[in-house]
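Each remark here refers to the structure printed beneath this line.
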Amino acid sequence: MAYVDEIVALYDRDGNPCGSAPRSRVRRDNLHHAATAVVVLDPAGQVYVHRRTESKDVYPGLYDVCAGGVLLAGEDPYDGAVREVEEELGVSGVPVVPIFRGAYEDSHTSYEAFGYLVEGWAGLVRWQPEEVAWGGWMPLQEVVARLDDPGWPLVPDSHALVGPWLRDRAASPR
């Protein structure tokens with residue numbers, strides 16, 4: 001399969017679209033762009049946790065509590081979330097609900113995050129082999145406890161952006 005350098009949506013620091021650039025340049029120059037993060041819960045409220053492949057361009061081999069990825073040029077965040085959760089985990093045909101928006105920046109990546117939730121997924125999870133090395137369901141309380149464990153190799157952006165939402169969810173009786 002030939003490598004395709006996706007054209008990624010760039011965002012300004014105020015969270016507005018402001019252009020586009022090839023993914024390779026976004027990564028090389030750490031340009032501020034946009035990405036989605038989709039938390040998937042099963043009917044019991046467990047979180048789907050997966051480990052990223054070693055070939056990922058950012059945070060290879062670390063665990064993540066969401067599916068997601070960069071927004072393509074001209075792509076609506078909702079459409080990007082639907083696309084990413086289907087590509088990465090095979091989750092489709094269900095409501096994808098917005099749960100947060102925020103910005104994240106470190107020495108590896110800088111982006112405007114659009115967070116979403118798929119709740120009550122009872123179907124099969126089918127990994128995209130280029131993206132996911134392992135995955136499984138984890139009770140929400142266990143995920144929250146692991147957020148406090150500095151030895152748990154969770155991607156730092158999900159820890160910063162999704163961690164507070166997971167903590168609030170765990171604290172709210174359902």
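Lettering and numbering for the structure tokens are positional, with chains as A, B, ... in the shown order, residues counted from 1 in each chain, and ligands counted from 1 in the shown order.
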Quick one: contact table of region 38-66 of chain A to region 94-104 of chain A, 10 Å max, nearest atom pair and distance in Å to one decimal per residue, counting only C-alpha atoms, chain and number order, as a Markdown table?
| residue | atom | partner | partner_atom | distance |
| --- | --- | --- | --- | --- |
| A:Val38 | CA | A:Val96 | CA | 8.1 |
| A:Val39 | CA | A:Ile99 | CA | 9.3 |
| A:Val40 | CA | A:Val96 | CA | 9.3 |
For the residues selected in the previous step, produce a file with C-alpha atoms as a compact mmCIF listing (two decimals), in the first residue's frame.
# COMPACT_ATOMS: atom_id res chain seq x y z
CA VAL A 38 -14.09 9.34 21.03
CA VAL A 39 -14.73 7.53 24.32
CA VAL A 40 -16.58 4.25 23.78
Please, which residues of region 7-172 of chain A, numbered as in this document, come out strand (DSSP E) from DSSP, as a compact mmCIF listing (two decimals) with N, CA, C and O atoms, in the first residue's frame?
# COMPACT_ATOMS: atom_id res chain seq x y z
N ILE A 7 -4.01 15.51 4.06
CA ILE A 7 -4.05 16.97 4.22
C ILE A 7 -4.89 17.25 5.47
O ILE A 7 -6.08 16.95 5.51
N VAL A 8 -4.26 17.83 6.48
CA VAL A 8 -4.83 18.01 7.80
C VAL A 8 -5.32 19.45 7.98
O VAL A 8 -4.68 20.40 7.51
N ALA A 9 -6.43 19.60 8.70
CA ALA A 9 -6.98 20.93 9.02
C ALA A 9 -6.13 21.60 10.08
O ALA A 9 -5.90 21.04 11.15
N LEU A 10 -5.65 22.79 9.78
CA LEU A 10 -4.93 23.60 10.76
C LEU A 10 -5.93 24.50 11.49
O LEU A 10 -6.91 24.96 10.89
N TYR A 11 -5.66 24.76 12.77
CA TYR A 11 -6.51 25.62 13.59
C TYR A 11 -5.63 26.67 14.24
O TYR A 11 -4.46 26.40 14.56
N PRO A 17 -10.64 27.12 12.34
CA PRO A 17 -9.90 26.62 11.18
C PRO A 17 -9.16 27.76 10.50
O PRO A 17 -9.69 28.87 10.38
N CYS A 18 -7.93 27.50 10.06
CA CYS A 18 -7.14 28.57 9.45
C CYS A 18 -6.25 28.09 8.31
O CYS A 18 -5.29 28.75 7.94
N GLY A 19 -6.56 26.93 7.75
CA GLY A 19 -5.75 26.44 6.64
C GLY A 19 -5.57 24.94 6.69
O GLY A 19 -6.31 24.24 7.39
N SER A 20 -4.57 24.47 5.98
CA SER A 20 -4.30 23.03 5.94
C SER A 20 -2.83 22.81 5.61
O SER A 20 -2.15 23.71 5.11
N ALA A 21 -2.38 21.59 5.90
CA ALA A 21 -0.99 21.22 5.60
C ALA A 21 -0.91 19.70 5.54
O ALA A 21 -1.72 19.01 6.16
N PRO A 22 0.07 19.17 4.82
CA PRO A 22 0.26 17.72 4.83
C PRO A 22 0.59 17.23 6.25
O PRO A 22 1.25 17.92 7.02
N HIS A 33 -3.27 21.92 14.98
CA HIS A 33 -4.28 21.35 14.07
C HIS A 33 -5.51 20.96 14.88
O HIS A 33 -5.70 21.46 15.98
N ALA A 34 -6.35 20.11 14.34
CA ALA A 34 -7.55 19.66 15.04
C ALA A 34 -7.59 18.14 15.02
O ALA A 34 -7.12 17.51 14.08
N ALA A 35 -8.15 17.58 16.09
CA ALA A 35 -8.28 16.12 16.19
C ALA A 35 -9.51 15.78 17.01
O ALA A 35 -10.02 16.60 17.78
N THR A 36 -9.96 14.56 16.85
CA THR A 36 -11.10 14.06 17.60
C THR A 36 -10.63 13.03 18.62
O THR A 36 -9.58 12.41 18.47
N ALA A 37 -11.44 12.85 19.66
CA ALA A 37 -11.22 11.83 20.68
C ALA A 37 -12.59 11.26 21.03
O ALA A 37 -13.47 12.00 21.46
N VAL A 38 -12.78 9.96 20.81
CA VAL A 38 -14.09 9.34 21.03
C VAL A 38 -13.97 8.28 22.11
O VAL A 38 -13.28 7.27 21.94
N VAL A 39 -14.64 8.51 23.24
CA VAL A 39 -14.73 7.53 24.32
C VAL A 39 -15.85 6.56 23.95
O VAL A 39 -16.95 6.99 23.57
N VAL A 40 -15.58 5.26 24.07
CA VAL A 40 -16.58 4.25 23.78
C VAL A 40 -16.88 3.49 25.07
O VAL A 40 -15.97 2.93 25.69
N VAL A 47 -15.20 1.26 29.84
CA VAL A 47 -14.49 2.06 28.84
C VAL A 47 -13.67 1.13 27.96
O VAL A 47 -13.00 0.22 28.46
N TYR A 48 -13.71 1.36 26.65
CA TYR A 48 -12.84 0.60 25.76
C TYR A 48 -11.46 1.25 25.79
O TYR A 48 -11.31 2.43 25.46
N VAL A 49 -10.48 0.47 26.22
CA VAL A 49 -9.09 0.92 26.32
C VAL A 49 -8.28 0.14 25.31
O VAL A 49 -8.48 -1.07 25.15
N HIS A 50 -7.38 0.81 24.62
CA HIS A 50 -6.54 0.09 23.67
C HIS A 50 -5.09 0.57 23.75
O HIS A 50 -4.81 1.62 24.32
N ARG A 51 -4.20 -0.27 23.24
CA ARG A 51 -2.79 0.09 23.16
C ARG A 51 -2.47 0.41 21.71
O ARG A 51 -2.80 -0.35 20.80
N ARG A 52 -1.83 1.52 21.51
CA ARG A 52 -1.46 1.98 20.17
C ARG A 52 -0.32 1.13 19.63
O ARG A 52 0.52 0.65 20.38
N TYR A 63 -1.09 3.30 25.96
CA TYR A 63 -2.52 3.04 26.06
C TYR A 63 -3.31 4.30 25.79
O TYR A 63 -2.83 5.41 26.00
N ASP A 64 -4.57 4.10 25.35
CA ASP A 64 -5.46 5.23 25.12
C ASP A 64 -6.87 4.83 25.54
O ASP A 64 -7.24 3.65 25.47
N ALA A 67 -10.70 6.48 20.83
CA ALA A 67 -10.32 6.39 19.42
C ALA A 67 -10.32 7.80 18.89
O ALA A 67 -10.99 8.68 19.42
N GLY A 68 -9.58 8.04 17.85
CA GLY A 68 -9.60 9.38 17.29
C GLY A 68 -8.44 9.62 16.36
O GLY A 68 -7.64 8.73 16.09
N GLY A 69 -8.37 10.84 15.90
CA GLY A 69 -7.29 11.20 15.00
C GLY A 69 -7.49 12.59 14.45
O GLY A 69 -8.42 13.30 14.82
N VAL A 70 -6.59 12.96 13.56
CA VAL A 70 -6.60 14.31 12.99
C VAL A 70 -7.83 14.54 12.13
O VAL A 70 -8.36 13.63 11.51
N VAL A 97 -21.92 11.57 20.48
CA VAL A 97 -22.39 12.77 21.19
C VAL A 97 -21.20 13.61 21.66
O VAL A 97 -20.27 13.07 22.27
N PRO A 98 -21.22 14.93 21.42
CA PRO A 98 -20.12 15.77 21.91
C PRO A 98 -20.08 15.81 23.44
O PRO A 98 -21.13 15.91 24.08
N ILE A 99 -18.86 15.74 24.01
CA ILE A 99 -18.72 15.81 25.47
C ILE A 99 -17.72 16.86 25.95
O ILE A 99 -17.77 17.26 27.10
N PHE A 100 -16.80 17.28 25.10
CA PHE A 100 -15.89 18.34 25.51
C PHE A 100 -15.19 18.92 24.29
O PHE A 100 -15.20 18.34 23.21
N ARG A 101 -14.60 20.07 24.53
CA ARG A 101 -13.71 20.69 23.55
C ARG A 101 -12.59 21.35 24.33
O ARG A 101 -12.82 21.95 25.39
N GLY A 102 -11.37 21.24 23.85
CA GLY A 102 -10.25 21.83 24.55
C GLY A 102 -9.02 21.85 23.67
O GLY A 102 -9.04 21.33 22.55
N ALA A 103 -7.96 22.43 24.18
CA ALA A 103 -6.71 22.47 23.44
C ALA A 103 -5.65 21.68 24.20
O ALA A 103 -5.68 21.63 25.43
N TYR A 104 -4.72 21.10 23.45
CA TYR A 104 -3.62 20.35 24.06
C TYR A 104 -2.34 20.69 23.30
O TYR A 104 -2.35 20.84 22.08
N GLU A 105 -1.25 20.78 24.07
CA GLU A 105 0.03 21.06 23.43
C GLU A 105 1.16 20.47 24.27
O GLU A 105 1.18 20.62 25.50
N SER A 110 0.26 19.44 18.99
CA SER A 110 -0.46 20.65 19.39
C SER A 110 -1.77 20.67 18.62
O SER A 110 -1.76 20.71 17.39
N TYR A 111 -2.89 20.60 19.35
CA TYR A 111 -4.15 20.54 18.62
C TYR A 111 -5.34 21.01 19.42
O TYR A 111 -5.33 21.07 20.63
N GLU A 112 -6.39 21.35 18.66
CA GLU A 112 -7.72 21.64 19.18
C GLU A 112 -8.46 20.32 19.21
O GLU A 112 -8.58 19.64 18.19
N ALA A 113 -8.92 19.92 20.40
CA ALA A 113 -9.54 18.60 20.58
C ALA A 113 -11.06 18.71 20.61
O ALA A 113 -11.61 19.58 21.29
N PHE A 114 -11.69 17.81 19.89
CA PHE A 114 -13.15 17.69 19.88
C PHE A 114 -13.48 16.31 20.44
O PHE A 114 -13.20 15.30 19.80
N GLY A 115 -14.01 16.28 21.67
CA GLY A 115 -14.29 15.01 22.34
C GLY A 115 -15.73 14.58 22.16
O GLY A 115 -16.66 15.40 22.22
N TYR A 116 -15.90 13.28 21.98
CA TYR A 116 -17.22 12.69 21.75
C TYR A 116 -17.37 11.42 22.56
O TYR A 116 -16.38 10.84 23.03
N LEU A 117 -18.61 10.96 22.66
CA LEU A 117 -18.95 9.74 23.40
C LEU A 117 -19.85 8.84 22.55
O LEU A 117 -20.80 9.32 21.94
N VAL A 118 -19.51 7.55 22.55
CA VAL A 118 -20.42 6.51 22.07
C VAL A 118 -20.79 5.73 23.33
O VAL A 118 -19.92 5.18 24.00
N VAL A 132 -4.13 -0.15 16.22
CA VAL A 132 -4.41 -0.76 17.52
C VAL A 132 -3.70 -2.11 17.64
O VAL A 132 -3.89 -3.00 16.81
N ALA A 133 -2.89 -2.25 18.71
CA ALA A 133 -2.17 -3.50 18.96
C ALA A 133 -2.92 -4.41 19.92
O ALA A 133 -2.74 -5.63 19.89
N TRP A 134 -3.72 -3.84 20.79
CA TRP A 134 -4.49 -4.61 21.79
C TRP A 134 -5.62 -3.71 22.27
O TRP A 134 -5.50 -2.49 22.27
N GLY A 135 -6.71 -4.32 22.73
CA GLY A 135 -7.78 -3.55 23.33
C GLY A 135 -8.70 -4.42 24.15
O GLY A 135 -8.74 -5.64 23.98
N GLY A 136 -9.43 -3.79 25.07
CA GLY A 136 -10.39 -4.50 25.90
C GLY A 136 -11.19 -3.54 26.74
O GLY A 136 -10.87 -2.35 26.86
N TRP A 137 -12.26 -4.07 27.34
CA TRP A 137 -13.14 -3.27 28.18
C TRP A 137 -12.57 -3.19 29.59
O TRP A 137 -12.08 -4.18 30.11
N MET A 138 -12.67 -2.02 30.21
CA MET A 138 -12.16 -1.81 31.55
C MET A 138 -13.22 -1.04 32.34
O MET A 138 -13.75 -0.04 31.84
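Of the residues under consideration (A:Glu54, A:Asn16, A:Asp5, A:Asp157), A:Asp157 shows the shortest atom-to-atom contact distance to Asp106 (chain A) when counting only C-alpha atoms.
Here CA of Pro60 (chain A) stands at a distance of 11.8 Å from CA of Pro156 (chain A).
When only C-alpha atoms are used to measure the gap to Leu147 (chain A), the shortest distance among A:Glu131, A:Pro164, A:Asp12, A:Arg126 belongs to A:Pro164.
For the pair CA of Thr109 (chain A) and CA of Ser158 (chain A), the separation is 12.2 Å.
With only C-alpha atoms as the atoms that count, the minimum distance from Ser55 (chain A) to the choices A:Arg23, A:Ala122, A:Pro129, A:Ala160 is reached by A:Pro129.
Note that the spacing between CA of Ala44 (chain A) and CA of Gly120 (chain A) amounts to 7.4 Å.
When only C-alpha atoms are used to compute distances to Gly15 (chain A), the closest of the residues A:Pro139, A:Pro77, A:Gly163, A:Pro153 turns out to be A:Pro77.
Here the question is which of A:Trp127, A:Trp121, A:Tyr59, A:Trp165 gets nearest to Glu88 (chain A) using only C-alpha atoms, and that residue is A:Trp127.
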